[in-house]
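Engineer: Sharing a structure below in structure tokens format, with a few things to ask.
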Amino acid sequence: MWLQCQDKLLTVDRLLSWGLNVQAMCALCQSHNETRNYLFAERRYAQAIWNRVSKWAQQQLYGGSNWELQFHEIIKSIQGKTTKAKLIKMIYAEVIYTVWKERNSRVFEGVDRDCEGVAKEIACVCSCRATGALKYLMQKLVSKFLP
């Protein structure tokens with residue numbers, strides 16, 4: 001997550017900036033250059049995940065296709081130690097990790113999943129990792145989200 005926040009993930013645009021000979025197109029959709037912003041916010045796949053997870057968490061986590069604005073809104077909402085702040089921190093970390101993992105799975109293994117399956121994985125993992133008051137909230141949210 002730190003690498004993603006600092007724009008240090010090895011996305012195609014970064015590899016190209018180092019002079020490596022790689023295809024500039026996003027490995028997931030083959031229709032746009034792969035950048036951090038595109039991968040985590042601008043791409044319809046990422047937007048669908050953010051929207052589905054936002055709906056599940058009953059929190060506004062996705063503010064549009066502009067990553068910089070979305071990131072700043074998330075940073076503002078995770079200040080403090082409230083249950084809501086902890087929830088958003090956990091979801092943010094899991095979305096970033098899962099989208100990156102999905103990207104790598106498609107690039108290196110040729111395996112892909114739909115955004116619904118990815119969103120459900122995020123909900124399950126967050127629910128399993130939660131503790132205290134957050135665990136109770138997660139279980140309540142997940143019971144409405146998963147069949």
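So you can find residues: chains in the structure tokens are A, B, ... in the order shown, residues in each start at 1, and ligands are numbered from 1 in order.
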Once you count only C-alpha atoms, what closest atom pair and distance in Å to one decimal does each residue of segment 1-43 of chain A within 10 Å of segment 54-75 of chain A have, with rows by chain and rising residue number, as JSON lines?

Structural biologist:
```
{"residue": "A:Cys5", "atom": "CA", "partner": "A:Phe71", "partner_atom": "CA", "distance": 8.4}
{"residue": "A:Arg36", "atom": "CA", "partner": "A:Trp67", "partner_atom": "CA", "distance": 8.5}
{"residue": "A:Asn37", "atom": "CA", "partner": "A:Trp67", "partner_atom": "CA", "distance": 5.3}
{"residue": "A:Tyr38", "atom": "CA", "partner": "A:Trp67", "partner_atom": "CA", "distance": 7.9}
{"residue": "A:Leu39", "atom": "CA", "partner": "A:Trp67", "partner_atom": "CA", "distance": 9.5}
{"residue": "A:Phe40", "atom": "CA", "partner": "A:Trp67", "partner_atom": "CA", "distance": 7.3}
{"residue": "A:Ala41", "atom": "CA", "partner": "A:Ser65", "partner_atom": "CA", "distance": 5.2}
{"residue": "A:Glu42", "atom": "CA", "partner": "A:Ser65", "partner_atom": "CA", "distance": 4.5}
{"residue": "A:Arg43", "atom": "CA", "partner": "A:Ser65", "partner_atom": "CA", "distance": 7.8}
```

Engineer: Write down as a list in words the residues belonging to segment 21-83 of chain A that are assigned alpha helix (DSSP H) by DSSP computed on the backbone.

Structural biologist: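 Restricting segment 21-83 of chain A to alpha helix (DSSP H) produces Arg36, Asn37, Arg44, Tyr45, Ala46, Gln47, Ala48, Ile49, Trp50, Asn51, Arg52, Val53, Ser54, Lys55, Trp56, Ala57, Trp67, Glu68, Leu69, Gln70, Phe71, His72, Glu73, Ile74, Ile75, Lys76, Ser77 and Thr83 of chain A.
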
Engineer: Write out, as a short mmCIF file (atom, residue, chain, number, x, y, z; two decimals), in the first residue's frame, the residues just selected, with N, CA and C atoms.

Structural biologist:
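See out-v7.cif below for the written result:
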```
data_model
loop_
_atom_site.label_atom_id
_atom_site.label_comp_id
_atom_site.auth_asym_id
_atom_site.auth_seq_id
_atom_site.Cartn_x
_atom_site.Cartn_y
_atom_site.Cartn_z
N ARG A 36 -0.66 4.11 -12.38
CA ARG A 36 -1.29 3.87 -11.08
C ARG A 36 -2.72 4.43 -11.07
N ASN A 37 -2.87 5.66 -11.54
CA ASN A 37 -4.19 6.29 -11.52
C ASN A 37 -5.20 5.51 -12.35
N ARG A 44 -12.63 1.06 -15.66
CA ARG A 44 -13.99 0.66 -15.27
C ARG A 44 -13.99 -0.50 -14.28
N TYR A 45 -13.06 -1.40 -14.42
CA TYR A 45 -12.96 -2.55 -13.50
C TYR A 45 -12.74 -2.05 -12.07
N ALA A 46 -11.78 -1.15 -11.89
CA ALA A 46 -11.51 -0.59 -10.56
C ALA A 46 -12.70 0.22 -10.06
N GLN A 47 -13.32 0.98 -10.93
CA GLN A 47 -14.49 1.75 -10.54
C GLN A 47 -15.61 0.84 -10.04
N ALA A 48 -15.82 -0.27 -10.73
CA ALA A 48 -16.86 -1.22 -10.32
C ALA A 48 -16.55 -1.82 -8.95
N ILE A 49 -15.29 -2.13 -8.71
CA ILE A 49 -14.90 -2.67 -7.39
C ILE A 49 -15.13 -1.62 -6.31
N TRP A 50 -14.63 -0.40 -6.53
CA TRP A 50 -14.83 0.67 -5.54
C TRP A 50 -16.32 0.89 -5.26
N ASN A 51 -17.12 0.92 -6.32
CA ASN A 51 -18.56 1.15 -6.14
C ASN A 51 -19.21 0.02 -5.35
N ARG A 52 -18.85 -1.22 -5.68
CA ARG A 52 -19.45 -2.37 -4.99
C ARG A 52 -19.01 -2.42 -3.52
N VAL A 53 -17.74 -2.17 -3.26
CA VAL A 53 -17.25 -2.18 -1.89
C VAL A 53 -17.84 -0.99 -1.11
N SER A 54 -17.98 0.16 -1.74
CA SER A 54 -18.61 1.31 -1.09
C SER A 54 -20.04 1.00 -0.68
N LYS A 55 -20.75 0.36 -1.58
CA LYS A 55 -22.14 -0.02 -1.29
C LYS A 55 -22.18 -1.00 -0.11
N TRP A 56 -21.30 -1.99 -0.14
CA TRP A 56 -21.24 -2.97 0.94
C TRP A 56 -20.94 -2.30 2.28
N ALA A 57 -19.94 -1.41 2.30
CA ALA A 57 -19.51 -0.78 3.54
C ALA A 57 -20.40 0.37 3.97
N TRP A 67 -8.02 9.80 -9.49
CA TRP A 67 -7.38 9.14 -8.36
C TRP A 67 -6.91 10.13 -7.31
N GLU A 68 -6.34 11.25 -7.73
CA GLU A 68 -5.80 12.21 -6.76
C GLU A 68 -6.90 12.71 -5.83
N LEU A 69 -8.06 13.06 -6.38
CA LEU A 69 -9.18 13.52 -5.54
C LEU A 69 -9.68 12.41 -4.63
N GLN A 70 -9.81 11.21 -5.19
CA GLN A 70 -10.28 10.08 -4.40
C GLN A 70 -9.31 9.79 -3.26
N PHE A 71 -8.03 9.79 -3.54
CA PHE A 71 -7.01 9.52 -2.54
C PHE A 71 -7.07 10.55 -1.40
N HIS A 72 -7.20 11.83 -1.75
CA HIS A 72 -7.26 12.87 -0.73
C HIS A 72 -8.51 12.74 0.13
N GLU A 73 -9.62 12.35 -0.45
CA GLU A 73 -10.84 12.14 0.32
C GLU A 73 -10.68 10.96 1.29
N ILE A 74 -10.04 9.90 0.82
CA ILE A 74 -9.80 8.75 1.69
C ILE A 74 -8.87 9.14 2.84
N ILE A 75 -7.82 9.87 2.54
CA ILE A 75 -6.88 10.31 3.58
C ILE A 75 -7.60 11.14 4.64
N LYS A 76 -8.49 12.03 4.22
CA LYS A 76 -9.24 12.84 5.19
C LYS A 76 -10.14 11.96 6.05
N SER A 77 -10.74 10.94 5.46
CA SER A 77 -11.71 10.12 6.19
C SER A 77 -11.07 9.09 7.12
N THR A 83 -14.29 3.90 14.67
CA THR A 83 -14.60 2.66 13.96
C THR A 83 -14.70 2.92 12.46
#
```

Engineer: Could you give me, as number ranges by chain, the residues within 10 Å of Cys26 of chain A, counting only C-alpha atoms and dropping anything in the same chain fewer than 6 positions from it?

Structural biologist: A: 11-13, 32-35, 38-39, 43, 103, 107

Engineer: Rank nothing, just name the residue among A:Lys140, A:Arg129, A:Lys135, A:Arg14 nearest to Ala93 of chain A, using only C-alpha atoms.

Structural biologist: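 The shortest atom-to-atom distance to Ala93 of chain A comes from A:Arg129.
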
Engineer: What is the distance, in Å and to one decimal place, between atom CA of Ala119 of chain A and atom CA of Glu94 of chain A?

Structural biologist: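 Value for the atom CA of Ala119 of chain A-atom CA of Glu94 of chain A distance: 9.8 Å.
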
Engineer: Would you pick out the contacts of Tyr97 of chain A at 12 Å or less, using only C-alpha atoms, so that residues sharing its chain but fewer than 4 positions from it are not included, and give the list as a PDB file with C-alpha atoms, in the first residue's frame?

Structural biologist:
```pdb
ATOM      1  CA  MET A   1       0.000   0.000   0.000  1.00  0.00           C
ATOM      2  CA  TRP A   2       2.878   2.361   0.773  1.00  0.00           C
ATOM      3  CA  LEU A   3       4.289   1.791  -2.709  1.00  0.00           C
ATOM      4  CA  GLN A   4       0.909   2.540  -4.249  1.00  0.00           C
ATOM      5  CA  CYS A   5       0.490   5.748  -2.226  1.00  0.00           C
ATOM      6  CA  LEU A   9       4.441   0.295  -7.852  1.00  0.00           C
ATOM      7  CA  LEU A  39      -5.246   0.941 -12.614  1.00  0.00           C
ATOM      8  CA  PHE A  40      -6.804   1.972  -9.283  1.00  0.00           C
ATOM      9  CA  MET A  90      -8.923  -1.626   6.207  1.00  0.00           C
ATOM     10  CA  ILE A  91     -11.029  -1.465   3.065  1.00  0.00           C
ATOM     11  CA  TYR A  92      -8.608   0.886   1.318  1.00  0.00           C
ATOM     12  CA  ALA A  93      -5.648  -1.385   2.033  1.00  0.00           C
ATOM     13  CA  LYS A 101      -2.969  -8.978  -7.061  1.00  0.00           C
ATOM     14  CA  GLU A 102      -5.676  -9.304  -9.745  1.00  0.00           C
ATOM     15  CA  ARG A 103      -3.552  -7.305 -12.173  1.00  0.00           C
ATOM     16  CA  ASN A 104      -0.565  -9.582 -11.549  1.00  0.00           C
ATOM     17  CA  VAL A 118     -13.091  -9.513  -6.184  1.00  0.00           C
ATOM     18  CA  ALA A 119     -15.447  -7.300  -4.143  1.00  0.00           C
ATOM     19  CA  GLU A 121     -13.146 -11.404  -1.472  1.00  0.00           C
ATOM     20  CA  ILE A 122     -12.401  -7.933  -0.121  1.00  0.00           C
ATOM     21  CA  VAL A 125     -10.959 -10.690   4.144  1.00  0.00           C
ATOM     22  CA  CYS A 126     -11.859  -7.426   5.895  1.00  0.00           C
TER      23      CYS A 126
END
```

Engineer: As an exercise, work out the distance from atom CA of Gln30 of chain A to atom CA of Val95 of chain A in Å and give it to one decimal place.

Structural biologist: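 Atom CA of Val95 of chain A lies at a distance of 21.7 Å from atom CA of Gln30 of chain A.
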
Engineer: Please report the interatomic distance between atom CA of Val142 of chain A and atom CA of Ser127 of chain A in Å with one decimal.

Structural biologist: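 Computed distance, atom CA of Val142 of chain A to atom CA of Ser127 of chain A, equals 7.1 Å.
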